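**Student:** Here it is, the structure, as structure tokens.
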Amino acid sequence: MRLVIIAFVAGVVWLQWQASLPAVWPYLLLAAAGVITACYSHTVRVVALLLAAASLGVAYTGWRAEARLAERLNPSLEGESLKITGTVVGLPQSTRYGPRFRFAPDAEQANGLPPLLLLNDYAKPGSNWQPGQRWALQVKLKQPHGNANPGGFDYEGWLLAEGIGGTGNVNKLDRRLLDEFVLRPIHVLHRLRATLVSRIQHALGARPYTGVIVALVVGEQSGISQTQWQLFRATGITHLVSISGLHITLVASLFATIFEWLWRRSRWLTTRCPARQAALLAGVLAALAYSLLAGFSVPTQRTLFMLSTSALALLSGRHLAVSTIWCAALAVCVLLDPWSVLAAGFWLSFLTVGAMLWALAGRQDQAAGWQATLQQWGAVQWAATLGSLPLLLILFQQLPLSSPLANALAIPLISAIVTPLALVGTLEPSGLLLQLAHYLLGLGCTLLMPLSHPGSIWTQAQPASWTLLPAGIAIAVLLLPRGVPGRWLGIWLLLPLAFPLLSPIAMGSFRAIAFDVGQGLSVLVQTQNHSLLFDTGPEGGGSRVVPGGLRATGVRQLDMLMLSHADSDHIGAAAAVLSEVRTLKLSGALPQQLPANLPPPPHDACLAGQQWLWDGVQFDVLHPVRNDLNSSDNGASCVLRISAATGSLLIPGDIGRVEEAGLLTQSTSVQSDVLLIPHHGSNSSSSAAFIAAVAPKLAIASNGYRNAFHHPREAVVTRYHNAGATVWRSDRDGAINLDFGPNAWSASSWRDMHPRYWQPTEATQAKRIVATTRLPLS
């Protein structure tokens, strides 16, 4: 049965990685054939059952996915001003731009509208959104869309998993509260969560770790600052600042222990139900209540299902292997939510626990005392660290080396002391327990700060997916009992994961990635031994995309960060990049915010005439001239041309037609095979003369999906097409990879190379380009 469950989950996982949804009926037939074969042929029974389970997983997930995709916003409604009525669902989240909340339109308005929307309120001040409120709103909606980048978060996949069929904005003026509270169980639960959040915020005020206390009680993490997240990631304790399985288990155990003690005080109760059985039921109910309070995330689901299965087995007098309980929880999670396998938390939760179970299976020590307890705790920590290693390196390209020591301090403090104090403190009227919990949490974070030094974090390029197989075998071998000969040889199987082989860049060649940062610009250029980042994108999109993209591509150091001009959509994420990646030189605009804990790199202005040669690749700054430094921000943009033997790339920032005309009078050629379209494709740029002089074969527009400026303008795109250029755009094609190799240059888009079935079929028109024409250096 355990193998059947794993085969079913494998079928679910396989389908979630497909570029398009296959027909369901062939897999149903295959599943039926497998079951029939298993009934009549004992020789291939196991294989037939596994094939049937995997096929059933594909069919079930395909059926669910077809239904989920059918609930998406009708494309004809995108950008239209719509008047809708509906109910606020769940806890609203605070963002830097204003509140964000989920909204369920009324059923009678279902014509083209999805059952669940994610809305933003940019009004200042915004409305007091509360769970269960019914509103009449005027909104502008768009289909689910996210950035597509190497090492990036799949926002579109997350929206699909959450059942959100559209996103949008609320009109600042046209909104009306129809009903203060719609009485439904789900709204009662979320209103209770909102009340607890208000209670915590009232008791703690503006204290620095108020957002963390809120996260520990109700699972709402939007109040945790970026600085705090950096500390938690650097020390490997992010699992402790959300409601994790460990918290659920400790709360359930604490509640069961107290309940059993109270139950034993009554002879009448103990004669009707044994105290241990009553405590088991009480523990499961406590786990259920805390899981619901947390929003029923994957780690809480896994723990709740495992605790429930264990309790049922004990109540029925049956003995179940821990691995069976683990598989049962896995099956229930995936059955309830086949998209849970897309979440990093799913794999980190189940595989880490699986590694711990494997390490302890059948190896219970007979010795007692604190030494045995300490030894077992060390074995569990070792298993958890090893079990999470492959996923951390593949998903985040980082491994905090101080994690075991940090967790040794943080687990007992946060899980066993701070969390219970915070939970009880929400019921205690004076607020003293919440303040005590906050004080202890702050003390613990202060002790963790020396462990968060950048040198304590292993950072590397993203390994290939195939390295998971040898890494999994290595972990299974390394966790074998002491005395098994040759188990340390498993370290060799970890080497492909820990030291990924990157495709080398030849002398005289370069690569570039135009990241998909939304309405902004960020381009990474790499030669054989040097890296340059041109702009960082806006604070929101760039901070989410660029640091992870640099890690995924193996960039540990930037030789230069060139910031074209001071507009926030070009330099907004500079502080995030500087805090994540060592930078040797800063050129161009100077960002207003720099990391407080790091010395700023040397800085100078970018000026026309500056040039340098890196590994046989020529870099030329074409603009601004010194007289243009006092012009508008856009007019003073840095313009950089990179040229190799097989092609060239021109990045002109946000220059306008006046600056374009000035470039054409210079002695340095602007002709380039690939052009980042100036100013995202606005009407104020890309004159016909400039396009003719550059003569690009590929023109790339870096712009946000359905942005307010309507970039790139249709007239601009038409001019490039008329000049013979192919036009790609980041909102449709994702990040663009350019490779100017020794014999040819080529271009490919991230969406084309990594398609998923939830992406619209018209999302990308960018197919791989290979240009074989060798061009002389100019």
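Residues in the structure tokens are numbered from 1 in each chain, the chains being A, B, ... in the order shown, and ligands are numbered from 1 in the order shown.
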Can you list, as number ranges by chain, all residues belonging to region 323-563 of chain A that DSSP tags as strand (DSSP E)?

**Tutor:** A: 398-400, 457-459, 510-514, 523-526, 531-534, 557-558, 560-563

**Student:** Find the spatial neighbours of Leu558 (chain A), counting only C-alpha atoms, within a cut-off of 8 Å - ignore same-chain residues fewer than 4 positions away - and output them as a count of residues only.

**Tutor:** 9

**Student:** Set out as JSON lines a contact list for region 447-533 of chain A and region 678-690 of chain A with a cut-off of 12 Å, giving each residue of region 447-533 of chain A that qualifies its closest atom pair and distance in Å to one decimal, counting only C-alpha atoms, ordered by chain and rising residue number.

**Tutor:**
```
{"residue": "A:Val517", "atom": "CA", "partner": "A:His680", "partner_atom": "CA", "distance": 12.0}
{"residue": "A:Gly518", "atom": "CA", "partner": "A:His680", "partner_atom": "CA", "distance": 10.5}
{"residue": "A:Gln519", "atom": "CA", "partner": "A:His680", "partner_atom": "CA", "distance": 7.9}
{"residue": "A:Gly520", "atom": "CA", "partner": "A:His680", "partner_atom": "CA", "distance": 7.7}
{"residue": "A:Leu521", "atom": "CA", "partner": "A:His680", "partner_atom": "CA", "distance": 8.3}
{"residue": "A:Ser522", "atom": "CA", "partner": "A:His680", "partner_atom": "CA", "distance": 11.7}
```

**Student:** Can I get the selected residues back with N, CA, C and O atoms, as a CSV table (one decimal), in the first residue's frame?

**Tutor:**
```
chain,number,residue,atom,x,y,z
A,517,VAL,N,11.3,41.5,-14.7
A,517,VAL,CA,11.1,42.2,-13.4
A,517,VAL,C,9.8,43.0,-13.4
A,517,VAL,O,9.6,43.8,-12.5
A,518,GLY,N,8.9,42.8,-14.4
A,518,GLY,CA,7.7,43.6,-14.5
A,518,GLY,C,8.1,44.9,-15.2
A,518,GLY,O,8.9,45.0,-16.1
A,519,GLN,N,7.4,46.0,-14.8
A,519,GLN,CA,7.6,47.3,-15.4
A,519,GLN,C,9.0,47.9,-14.9
A,519,GLN,O,9.0,48.6,-13.9
A,520,GLY,N,10.0,47.5,-15.5
A,520,GLY,CA,11.4,47.9,-15.1
A,520,GLY,C,12.4,47.3,-16.0
A,520,GLY,O,12.1,46.8,-17.1
A,521,LEU,N,13.7,47.3,-15.6
A,521,LEU,CA,14.7,46.7,-16.4
A,521,LEU,C,15.8,46.2,-15.5
A,521,LEU,O,16.2,46.8,-14.5
A,522,SER,N,16.3,45.0,-15.9
A,522,SER,CA,17.5,44.5,-15.2
A,522,SER,C,18.1,43.4,-16.2
A,522,SER,O,17.4,42.5,-16.6
```

**Student:** Near Leu495 (chain A), counting only C-alpha atoms, which residues have an atom at most 10 Å away, once you skip same-chain residues fewer than 3 positions from it, shown as a list in words?

**Tutor:**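 Counting only the stated atoms, we get Thr467, Pro470, Ala471, Ala474, Gly490, Ile491, Trp492, Ala498, Phe499 and Pro500 of chain A.
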
**Student:** Grab the residues selected above and save them as a tab-separated table (two decimals), in the first residue's frame with C-alpha atoms.

**Tutor:**
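This is the output file selection.tsv:
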```
chain	number	residue	atom	x	y	z
A	467	THR	CA	21.12	15.44	-9.26
A	470	PRO	CA	22.04	10.45	-6.55
A	471	ALA	CA	21.48	12.91	-3.70
A	474	ALA	CA	23.37	9.45	-0.76
A	490	GLY	CA	27.49	8.36	0.06
A	491	ILE	CA	29.23	11.73	0.25
A	492	TRP	CA	30.51	11.16	-3.29
A	498	ALA	CA	26.84	20.57	-4.23
A	499	PHE	CA	29.18	21.40	-7.14
A	500	PRO	CA	27.01	21.80	-10.27
```

**Student:** Would you mind listing what lies within 7 Å of region 441-450 of chain A as a VMD selection string, with only C-alpha atoms counted and same-chain residues fewer than 5 positions away left out?

**Tutor:** chain A and resid 209 231 406 410 414 418

**Student:** Would you export the selected residues with N, CA and C atoms as a CSV table (one decimal), in the first residue's frame, please?

**Tutor:**
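Result written to result-v3.csv:
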```
chain,number,residue,atom,x,y,z
A,209,TYR,N,9.1,42.8,16.7
A,209,TYR,CA,8.8,41.4,16.4
A,209,TYR,C,7.3,41.1,16.5
A,231,LEU,N,17.5,37.4,8.3
A,231,LEU,CA,18.1,36.7,9.5
A,231,LEU,C,17.6,35.3,9.6
A,406,ALA,N,21.9,27.1,15.2
A,406,ALA,CA,20.8,28.0,15.3
A,406,ALA,C,19.5,27.3,15.7
A,410,ALA,N,17.0,27.8,18.8
A,410,ALA,CA,15.7,28.4,18.4
A,410,ALA,C,14.5,27.4,18.6
A,414,ILE,N,11.6,29.0,20.6
A,414,ILE,CA,10.4,29.5,19.9
A,414,ILE,C,9.2,28.5,20.0
A,418,VAL,N,8.0,30.4,23.4
A,418,VAL,CA,7.4,31.6,22.8
A,418,VAL,C,6.0,31.3,22.3
```

**Student:** Can you build me a table of region 101-124 of chain A residues sitting at most 12 Å from region 135-138 of chain A, with the closest atom pair per residue and its distance in Å to one decimal, using only C-alpha atoms, sorted by chain and residue number, as JSON lines?

**Tutor:**
```
{"residue": "A:Phe103", "atom": "CA", "partner": "A:Trp135", "partner_atom": "CA", "distance": 9.3}
{"residue": "A:Ala104", "atom": "CA", "partner": "A:Trp135", "partner_atom": "CA", "distance": 10.1}
{"residue": "A:Pro105", "atom": "CA", "partner": "A:Trp135", "partner_atom": "CA", "distance": 9.4}
{"residue": "A:Asp106", "atom": "CA", "partner": "A:Trp135", "partner_atom": "CA", "distance": 10.1}
{"residue": "A:Gln109", "atom": "CA", "partner": "A:Ala136", "partner_atom": "CA", "distance": 11.9}
{"residue": "A:Leu119", "atom": "CA", "partner": "A:Leu137", "partner_atom": "CA", "distance": 10.6}
{"residue": "A:Asn120", "atom": "CA", "partner": "A:Leu137", "partner_atom": "CA", "distance": 11.9}
{"residue": "A:Asp121", "atom": "CA", "partner": "A:Leu137", "partner_atom": "CA", "distance": 11.0}
```

**Student:** Can you write out the residues you just picked, keeping C-alpha atoms, as a PDB file, in the first residue's frame?

**Tutor:**
```pdb
ATOM      1  CA  PHE A 103     -12.793  38.352  -2.690  1.00  0.00           C
ATOM      2  CA  ALA A 104     -15.517  35.852  -3.632  1.00  0.00           C
ATOM      3  CA  PRO A 105     -18.022  37.349  -6.125  1.00  0.00           C
ATOM      4  CA  ASP A 106     -21.666  36.462  -5.582  1.00  0.00           C
ATOM      5  CA  GLN A 109     -22.387  37.225 -11.141  1.00  0.00           C
ATOM      6  CA  LEU A 119      -7.659  42.336  -5.105  1.00  0.00           C
ATOM      7  CA  ASN A 120      -5.399  45.248  -4.173  1.00  0.00           C
ATOM      8  CA  ASP A 121      -6.566  48.482  -2.558  1.00  0.00           C
TER       9      ASP A 121
END
```

**Student:** Which polymer residues have any atom within 7 Å of an atom of region 52-66 of chain A, counting only C-alpha atoms, with same-chain residues fewer than 2 positions away left out, as a list in words?

**Tutor:**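 So, after excluding close chain neighbours, the residues are Val4, Ala7, Phe8, Val9, Ala10, Gly11, Val12, Leu15, Leu21, Val24, Tyr27, Leu28, Leu30, Ala31, Ala32, Gly34, Val35, Ala48, Leu49, Leu50, Arg68, Leu69, Ala70 and Pro338 of chain A.
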
**Student:** What does the structure give for the distance between CA of Leu360 (chain A) and CA of Val477 (chain A), in Å to one decimal?

**Tutor:**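 Pair CA of Leu360 (chain A) / CA of Val477 (chain A) returns 13.3 Å.
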
**Student:** So that I can check the surroundings of Met306 (chain A), please list as an MDAnalysis selection string every protein, DNA and RNA residue that reaches within 9 Å of it, counting only C-alpha atoms and ignoring chain neighbours fewer than 6 positions away.

**Tutor:** chainID A and resid 322 325:330

**Student:** When DSSP is applied to the backbone of this structure, which of region 109-256 of chain A are assigned alpha helix (DSSP H)? Write them out as a ChimeraX atom specification.

**Tutor:** /A:155-161,185-204,210-218,226-235,245-256

**Student:** Compile the contact shell of Ser198 (chain A) as a ChimeraX atom specification: residues with an atom at most 12 Å away, counting only C-alpha atoms, same-chain residues fewer than 5 positions apart removed.

**Tutor:** /A:91,130,191-193,203-205,210-211,213-214,217-218,426

**Student:** CA of Arg175 (chain A) and CA of Gly223 (chain A), how far apart in Å?

**Tutor:**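 Result for CA of Gly223 (chain A) versus CA of Arg175 (chain A): 26.0 Å, one decimal.
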
**Student:** Mind pulling up the distance from CA of Thr95 (chain A) to CA of Gln397 (chain A)?

**Tutor:** 26.4 Å

**Student:** From the options A:Asp739, A:Asp337, A:Asp731, A:Glu260, which residue's atoms come nearest to Ser509 (chain A), counting only C-alpha atoms?

**Tutor:**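 With only C-alpha atoms as the atom set, the closest residue is A:Asp739.
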